[in-house]
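The block underneath contains the structure these notes are about, expressed in structure tokens.
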Amino acid sequence: MKTLIIIPTRNESETIGDIVKELNEIVLGDILIVDDASYDNTILEARKAGAKVLSLRIQLGAWGAVRAGFRYALYKHYDYVITMDADGQHVAESIPDLLREIQSSGADVVIGSAIQRGQPYKKIAWYVLRKLARLTIKDLTSGLRVYNRLSVKSLLLEKTALLTYQDIGVLIALENNGYKISEKPVHMANRKKGQSKIFHSWLAILKYFIFTFILCLTNLRRNNR
Amino acid sequence: MISYRVTTFFLGLLVGGVIIHLLRRGHLHIMHSIWWFIVGLICIFLGIFPCIINWIAPILGVNYPPNIILITGICFFLIKLLNMDIHRSEQEMRIQILTERIALLEIELNESKESHE
């Protein structure tokens, strides 16, 4: 069973080395850092820690970076792909559990969920978006996910290229194509550095909410058809 | 006071002339230039014959003829803007896929170089 761990990064030189070292100790699998046009030493630090680095020449955003990693995984014939963030929130110890879950449950995608995290406003936003998107998944924004090869292939189609975030849009695309998604509760640590890329300011939350609202509406039309 | 026909004539000729001049210099892809070529011709035509608007307005039930030009212009430019954004989205998608593929090729190239060394 070939497993690839994809970590999209942008200017994460302070944390990436430790994360790669920790993963190497705990998880059996290759680590691929997809660098989203960083201007610090992220690439150097990742290589020093022993990870492979896929370097994007233009900043594509987190989802673009994950897609580039997916492309690499398909090309190298990996069976499972794990995505996780580079801010230290996702704990390496939870990965073996997620891998066991995807193998035993028959799901195509397993999400490492931690719905206890986040401010009340975030929970309200999740609830509204979940209803809008008609999804039953509880943690819509967790970047800690395990995908099987088939689901990875389906997410590399052109229509998912401009999704921007690896969250509701990806989940809707998977559900529309008939892929089974399951959740496994995991422990998430506090961020080692920085803040949420999606929810870093009220303006960012508003932008994200409008973006997702439109995304849900357009997909609703498609489902009804 | 000069006649309004002289003003519209010069304005239409100026706008249409500038558009056609820029098109002739090859600043636009031929497919996009068709739209602007037609806009240029319409500007010149309406500049020379502004009375056409006075003739069309009562047929369409518009009391103030210049409104027809304004509203039609705004509608067409909104459609054009929408079309431009659709085109831009397609280009963004292509750039994204191209960037993903270049990254994959680069890592492959580096790995094969390292294995040869």
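Residue numbering restarts at 1 for every chain of the structure tokens, chains are lettered A, B, ... in their displayed order, and ligands are numbered from 1 as they appear.
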task: Return as a VMD selection string the residues belonging to chain B that are within 12 Å of chain A, counting only C-alpha atoms.
output: chain B and resid 88 to 111
task: Among the residues of region 135-209 of chain A, find those DSSP assigns to alpha helix (DSSP H) from the backbone and print them as a list in words.
output: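 Here is the list: Arg149, Leu150, Ser151, Val152, Lys153, Ser154, Ile168, Gly169, Val170, Leu171, Ile172, Ala173, Leu174, Glu175, Asn176, Trp202, Leu203, Ala204, Ile205, Leu206, Lys207, Tyr208 and Phe209 of chain A.
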field: Spatial neighbours of region 91-97 of chain A, 12 Å, only C-alpha atoms, chain gap at least 6 places, as a VMD selection string
entry: chain A and resid 3 to 5 7 18 to 29 31 80 to 85 103 to 105 110 to 114 143 to 146 183 to 192
Write the residues you've just listed into a file as a short mmCIF file (atom, residue, chain, number, x, y, z; two decimals), in the first residue's frame, and include N, CA and C atoms for each of them.
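Listing of result27.cif after writing:
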data_model
loop_
_atom_site.label_atom_id
_atom_site.label_comp_id
_atom_site.auth_asym_id
_atom_site.auth_seq_id
_atom_site.Cartn_x
_atom_site.Cartn_y
_atom_site.Cartn_z
N THR A 3 1.46 5.14 0.17
CA THR A 3 0.76 6.30 0.73
C THR A 3 1.60 7.56 0.55
N LEU A 4 0.93 8.62 0.15
CA LEU A 4 1.61 9.91 -0.01
C LEU A 4 0.95 10.95 0.88
N ILE A 5 1.78 11.66 1.63
CA ILE A 5 1.25 12.75 2.47
C ILE A 5 1.56 14.07 1.77
N ILE A 7 1.49 18.11 1.82
CA ILE A 7 1.35 19.29 2.69
C ILE A 7 1.54 20.55 1.85
N ASP A 18 9.97 20.72 11.47
CA ASP A 18 9.51 19.89 12.60
C ASP A 18 8.38 18.96 12.18
N ILE A 19 7.46 19.48 11.36
CA ILE A 19 6.32 18.66 10.93
C ILE A 19 6.79 17.47 10.10
N VAL A 20 7.71 17.71 9.20
CA VAL A 20 8.23 16.62 8.35
C VAL A 20 8.96 15.59 9.22
N LYS A 21 9.79 16.06 10.15
CA LYS A 21 10.53 15.12 11.02
C LYS A 21 9.57 14.26 11.84
N GLU A 22 8.55 14.89 12.39
CA GLU A 22 7.55 14.19 13.20
C GLU A 22 6.82 13.14 12.36
N LEU A 23 6.46 13.51 11.14
CA LEU A 23 5.76 12.58 10.25
C LEU A 23 6.64 11.39 9.90
N ASN A 24 7.91 11.67 9.64
CA ASN A 24 8.85 10.59 9.29
C ASN A 24 8.97 9.56 10.40
N GLU A 25 8.84 10.03 11.65
CA GLU A 25 8.96 9.11 12.80
C GLU A 25 7.71 8.26 12.98
N ILE A 26 6.55 8.84 12.66
CA ILE A 26 5.28 8.17 12.99
C ILE A 26 4.62 7.45 11.82
N VAL A 27 4.66 8.05 10.65
CA VAL A 27 3.88 7.51 9.53
C VAL A 27 4.77 6.85 8.50
N LEU A 28 4.30 5.69 8.00
CA LEU A 28 5.01 5.03 6.91
C LEU A 28 4.43 5.54 5.60
N GLY A 29 5.14 6.38 4.94
CA GLY A 29 4.63 6.95 3.69
C GLY A 29 5.56 8.03 3.21
N ILE A 31 6.49 11.78 1.89
CA ILE A 31 5.99 13.14 2.21
C ILE A 31 6.30 14.06 1.04
N TYR A 80 -3.13 5.71 -1.68
CA TYR A 80 -3.85 6.64 -0.80
C TYR A 80 -3.09 7.97 -0.70
N VAL A 81 -3.85 9.03 -0.64
CA VAL A 81 -3.26 10.36 -0.50
C VAL A 81 -3.81 11.02 0.75
N ILE A 82 -2.90 11.51 1.59
CA ILE A 82 -3.31 12.21 2.81
C ILE A 82 -2.97 13.69 2.64
N THR A 83 -3.92 14.55 2.94
CA THR A 83 -3.58 15.98 2.91
C THR A 83 -3.61 16.52 4.34
N MET A 84 -2.67 17.35 4.64
CA MET A 84 -2.68 18.00 5.97
C MET A 84 -2.05 19.39 5.90
N ASP A 85 -2.35 20.22 6.88
CA ASP A 85 -1.86 21.61 6.89
C ASP A 85 -0.45 21.69 7.48
N GLN A 103 -9.58 2.03 4.94
CA GLN A 103 -9.46 0.64 4.48
C GLN A 103 -10.61 -0.24 4.98
N SER A 104 -11.09 0.07 6.19
CA SER A 104 -12.12 -0.80 6.77
C SER A 104 -13.54 -0.35 6.45
N SER A 105 -13.73 0.97 6.24
CA SER A 105 -15.10 1.47 6.10
C SER A 105 -15.63 1.40 4.67
N VAL A 110 -11.84 9.93 3.77
CA VAL A 110 -12.08 10.02 5.21
C VAL A 110 -11.56 11.37 5.71
N ILE A 111 -12.42 12.06 6.44
CA ILE A 111 -12.04 13.39 6.95
C ILE A 111 -11.71 13.27 8.43
N GLY A 112 -10.57 13.79 8.81
CA GLY A 112 -10.21 13.87 10.22
C GLY A 112 -10.93 15.08 10.80
N SER A 113 -12.00 14.84 11.54
CA SER A 113 -12.83 15.99 11.95
C SER A 113 -12.60 16.35 13.42
N ALA A 114 -12.71 17.62 13.67
CA ALA A 114 -12.58 18.13 15.04
C ALA A 114 -13.57 19.27 15.20
N GLY A 143 -8.66 20.20 6.76
CA GLY A 143 -7.75 19.87 5.65
C GLY A 143 -7.07 18.53 5.85
N LEU A 144 -7.36 17.88 6.99
CA LEU A 144 -6.78 16.56 7.25
C LEU A 144 -7.71 15.50 6.66
N ARG A 145 -7.33 15.00 5.50
CA ARG A 145 -8.20 14.07 4.78
C ARG A 145 -7.38 12.95 4.15
N VAL A 146 -8.01 11.79 4.01
CA VAL A 146 -7.38 10.69 3.27
C VAL A 146 -8.26 10.40 2.06
N GLU A 183 -16.30 10.35 8.23
CA GLU A 183 -15.53 11.20 9.16
C GLU A 183 -14.99 10.39 10.32
N LYS A 184 -13.86 10.80 10.81
CA LYS A 184 -13.28 10.14 11.98
C LYS A 184 -12.83 11.26 12.92
N PRO A 185 -13.34 11.29 14.13
CA PRO A 185 -12.90 12.36 15.05
C PRO A 185 -11.41 12.25 15.37
N VAL A 186 -10.74 13.37 15.31
CA VAL A 186 -9.30 13.39 15.63
C VAL A 186 -9.01 14.55 16.59
N HIS A 187 -7.86 14.43 17.20
CA HIS A 187 -7.43 15.54 18.07
C HIS A 187 -6.66 16.55 17.23
N MET A 188 -6.95 17.81 17.42
CA MET A 188 -6.18 18.84 16.71
C MET A 188 -5.49 19.75 17.72
N ALA A 189 -4.23 20.05 17.44
CA ALA A 189 -3.45 20.90 18.36
C ALA A 189 -3.67 22.37 18.01
N ASN A 190 -3.13 23.23 18.84
CA ASN A 190 -3.18 24.66 18.50
C ASN A 190 -2.14 24.95 17.43
N ARG A 191 -2.42 25.97 16.63
CA ARG A 191 -1.47 26.34 15.58
C ARG A 191 -0.13 26.74 16.20
N LYS A 192 0.97 26.26 15.57
CA LYS A 192 2.29 26.64 16.08
C LYS A 192 2.61 28.07 15.70
#
field: Exercise: region 35-52 of chain B partners within 6 Å, only C-alpha atoms, chain neighbours under 6 positions left out, as a VMD selection string
entry: chain B and resid 8 to 9 12 to 13 16 19
task: Just the residues within 10 Å of Arg149 (chain A), please, counting only C-alpha atoms, with nothing from its chain fewer than 2 positions along; format it as a ChimeraX atom specification.
output: /A:70,73-74,77-81,108-109,146-147,151-154
field: Residue contacts of Ala46 (chain A) (8 Å, only C-alpha atoms) excluding same-chain residues fewer than 3 positions away, as a list in words
entry: Ser13, Ile16, Gly17, Val20, Ile33, Thr42, Ile43, Ala49, Gly50, Ala51, Lys52 and Val53 of chain A
message: So that I can check the surroundings of Ile168 (chain A), please list as a PyMOL selection string every protein, DNA and RNA residue that reaches within 10 Å of it, counting only C-alpha atoms and ignoring chain neighbours fewer than 6 positions away.
response: chain A and resi 126+129-130+133+135+137+139-142+174+212+215-216
- request: Using backbone DSSP assignments, extract all strand (DSSP E or B) residues from region 134-168 of chain A; output them as number ranges by chain.
  value: A: 145-148
query: Suppose you want the space between CA of Thr218 (chain A) and CA of Thr164 (chain A); what is it in Å?
result: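 CA of Thr164 (chain A) lies 15.5 Å from CA of Thr218 (chain A).
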